[in-house]
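**Q** Could you have a look at this structure, given as C-alpha cells, before my questions?
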Amino acid sequence: MTLLFSFHRVSCAVPGEHTPADILEFAAAMLSSNPELSGCFVEAGSYMGAGTAKFSLAARLANRKLVVFDSFMGIPENSEQHGKNIFGGAAGFGGGDYCGTLEEVTGNLARYGSPTSCDLVPGWFEETLPNFDRPILAAYIDVDLVSSTADLLEVLFPLLQPGGVLFSQDGHLPLIIDLLDDDRFWRDEVGCAKPRWKAWVSGSSLGSLSPAFEGLPSVTARSHQRASTNAHGRRGCHSYEATPRVAREFF
Ligand SMILES: C[S@@+](CC[C@H](N)C(=O)[O-])C[C@H]1O[C@@H](n2cnc3c(N)ncnc32)[C@H](O)[C@@H]1O
C-alpha cells in the first residue's frame, strides 16, 4: 500500500508517459522475480524519470539495482515513418522529443524515488549497450523507435535470466510490432528463435494475459494510447483514460 501511495505521489509531480497499470504490472514482475537468481532490473527510456522513480522504489524493496539507459537528450534524430498507431492516431517521433535531462531525472529520483537503487547510464544505446553484460531479471523498454528497440533487444534479451521478462511499452506502434514479429531479426540479430507471443487487450473484455512458460524468458509488448495533455500542457501523468490496451506476450 505504501508503494502505491508513493507511485501516486510521483504521478502527481512528474510528467510521465505511462499508465498506473503499466507501472504496476512491471513492478509486480520485479517483486516476483526469482530471489535465488542474481540479476538487476533495467529501464530503457526514462523521459523525466517518473517511471524511474517508481521502479527504483520497487527495486529497493527487492534489494536489487535498477539500471537506467537513456540519452537524457530525448529521442535521436531519425527518419522512421510510423504513420499511425494501431488505434489510428498519429505517431511520429522527432529528434529531441521526450527529453528529460540527467539533472531533471536525478532531481526527480532524489525527491520521489530511491537514487541509491539506481545506476544511470547516459548516452545513445548503440554506444552504451555494448559495455553492458549484467544478468537481467526484468527489463522495461519504452523508446518509441524501431532502431532503439532493436539495439536494446539485441543486447538485453540474451541477458535475461531464466523466467525473466522483457516488457516493451511500444506495442501500439505497427513498426515495432513488425520488428517483434520478425523471424529474421530474432535469428540473425538477437541470435535466438523468435519467442512465441500472444496479444491481449486490457481495459476491455477482449482477452487476458496468460502466465509465462516456466523457466523461459518472455517478452511483453504492451500498447496504449498516450494519456492526454494535462492542465500544464504536458503529456502524461494526471490524466488516465480507460482506453483499451493491447499487449503482446512472447514466450
Ligand atoms: C517515450 S520516452 C520514455 C517515457 C518514460 N518511459 C515514461 O513512462 O515517462 C522515450 C525515451 O527514450 C529515450 N531514447 C529513445 N531512443 C534512444 C536511444 N537510441 N538512445 C538513448 N535514449 C533513447 C529518449 O531519450 C526518451 O527518454
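Each chain in the C-alpha cells gets a letter, A, B, ..., in the order shown, and its residues are numbered from 1; ligands are numbered from 1 in order too.
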Would you list the contacts of Phe125 of chain A as an MDAnalysis selection string, taking every protein, DNA or RNA residue within 9 Å and counting only C-alpha atoms, but skipping same-chain residues closer than 3 positions in sequence?
**A** chainID A and resid 44 69:71 122 128:130 148 151:152
**Q** Write to file, as an mmCIF file, in the first residue's frame, the residues of the selection just made, with C-alpha atoms.
**A**
data_model
loop_
_atom_site.group_PDB
_atom_site.id
_atom_site.type_symbol
_atom_site.label_atom_id
_atom_site.label_comp_id
_atom_site.auth_asym_id
_atom_site.auth_seq_id
_atom_site.Cartn_x
_atom_site.Cartn_y
_atom_site.Cartn_z
ATOM 1 C CA ALA A 44 15.379 1.965 -21.056
ATOM 2 C CA PHE A 69 19.599 3.684 -20.005
ATOM 3 C CA ASP A 70 18.758 6.963 -21.691
ATOM 4 C CA SER A 71 20.392 9.667 -23.765
ATOM 5 C CA PRO A 122 23.671 8.254 -20.023
ATOM 6 C CA THR A 128 26.326 2.412 -24.002
ATOM 7 C CA LEU A 129 24.883 -1.067 -24.530
ATOM 8 C CA PRO A 130 27.988 -2.839 -25.852
ATOM 9 C CA SER A 148 16.307 1.939 -30.489
ATOM 10 C CA ASP A 151 19.528 -2.028 -30.259
ATOM 11 C CA LEU A 152 18.023 -2.911 -26.879
#
**Q** Can you tell me which residues come within 7 Å of ligand 1 when counting only C-alpha atoms and all ligand atoms, ideally as a ChimeraX atom specification?
**A** /A:15-18,44-51,69-76,98-100,123-126,142-145,148
**Q** Between A:Ser114, A:Ser38, A:Thr101, A:Ser32, which is the closest to Phe55 of chain A once you count only C-alpha atoms?
**A**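 With only C-alpha atoms as the atom set, the closest residue is A:Ser114.
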**Q** Could you jot down the atom CA of Leu3 of chain A to atom CA of Leu57 of chain A separation for me, Å, one decimal place?
**A**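 Taking atom CA of Leu3 of chain A as the start and atom CA of Leu57 of chain A as the end point, the length is 7.4 Å.
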**Q** If we count only C-alpha atoms and set the cut-off at 6 Å, which residues sit around Ala138 of chain A, ignoring sequence neighbours fewer than 3 positions away in its own chain? Please answer as a PyMOL selection string.
**A** chain A and resi 41+164-166
**Q** Could you write those residues out with C-alpha atoms, as a PDB file, in the first residue's frame?
**A**
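Full text of part.pdb as output:
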ATOM      1  CA  PHE A  41      16.336  -4.672 -13.394  1.00  0.00           C
ATOM      2  CA  GLY A 164      12.938 -13.150 -16.805  1.00  0.00           C
ATOM      3  CA  VAL A 165      10.604 -10.752 -18.541  1.00  0.00           C
ATOM      4  CA  LEU A 166      11.244  -8.017 -21.081  1.00  0.00           C
TER       5      LEU A 166
END
**Q** Would you mind telling me which residue in A:Ser33, A:Thr149, A:Asn108, A:Asn131 lies nearest to Ile177 of chain A when using only C-alpha atoms?
**A** A:Thr149
**Q** I need the alpha helix (DSSP H) residues of segment 6-116 of chain A per DSSP on the backbone, written as a ChimeraX atom specification.
**A** /A:6-13,20-31,50-62,102-112
**Q** Compile the contact shell of Gln81 of chain A as an mmCIF file with C-alpha atoms, in the first residue's frame: residues with an atom at most 12 Å away, counting only C-alpha atoms, same-chain residues fewer than 3 positions apart removed.
**A**
data_model
loop_
_atom_site.group_PDB
_atom_site.id
_atom_site.type_symbol
_atom_site.label_atom_id
_atom_site.label_comp_id
_atom_site.auth_asym_id
_atom_site.auth_seq_id
_atom_site.Cartn_x
_atom_site.Cartn_y
_atom_site.Cartn_z
ATOM 1 C CA ASN A 78 15.762 9.602 -37.204
ATOM 2 C CA LYS A 84 -0.449 5.883 -37.347
ATOM 3 C CA ASN A 85 -0.579 3.773 -34.227
ATOM 4 C CA ALA A 90 -0.817 9.928 -35.431
ATOM 5 C CA ALA A 91 2.540 8.511 -34.412
ATOM 6 C CA GLY A 92 5.746 10.408 -35.095
ATOM 7 C CA PHE A 93 8.931 10.866 -33.125
ATOM 8 C CA GLY A 94 11.328 13.698 -33.807
ATOM 9 C CA ASP A 144 9.380 4.643 -29.483
ATOM 10 C CA LEU A 145 11.833 3.948 -32.306
ATOM 11 C CA VAL A 146 12.386 0.658 -34.108
ATOM 12 C CA SER A 147 16.135 1.314 -34.244
ATOM 13 C CA LEU A 173 3.297 1.059 -32.987
ATOM 14 C CA PRO A 174 2.968 -1.105 -36.117
ATOM 15 C CA LEU A 175 6.662 -0.813 -36.974
ATOM 16 C CA ILE A 176 7.604 -2.067 -33.514
#
**Q** Can you tell me, as a VMD selection string, what residues are no more than 10 Å from Ala62 of chain A when counting only C-alpha atoms, ignoring any on the same chain fewer than 2 positions away?
**A** chain A and resid 27 30 to 33 35 40 to 41 56 to 60 64 to 65 117
**Q** Which value, in Å to one decimal, gives the distance between atom CA of Glu25 of chain A and atom CA of Phe167 of chain A?
**A**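 For atom CA of Glu25 of chain A relative to atom CA of Phe167 of chain A, the distance reads 9.5 Å.
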**Q** Pick out the closest residue to Gln169 of chain A from this set: A:Leu156, A:Ile141, A:Ala110, A:Ala28. Count only C-alpha atoms.
**A**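 Looking at the shortest contact to Gln169 of chain A, the residue is A:Ile141.
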**Q** Hey, what does DSSP flag as strand (DSSP E or B) within segment 21-190 of chain A? Can you give it to me as a PyMOL selection string?
**A** chain A and resi 40-44+66-70+84+90+118-122+136-141+160-168
**Q** Please compute the atom CA of Val10 of chain A-atom CA of Arg134 of chain A distance, one decimal, in Å.
**A**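 Atom-to-atom, atom CA of Val10 of chain A and atom CA of Arg134 of chain A are spaced 28.0 Å apart.
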**Q** Measuring between only C-alpha atoms, which one of A:Glu43, A:Asp119, A:Asp133, A:Glu36 shows the shortest distance to Thr106 of chain A?
**A** A:Asp119
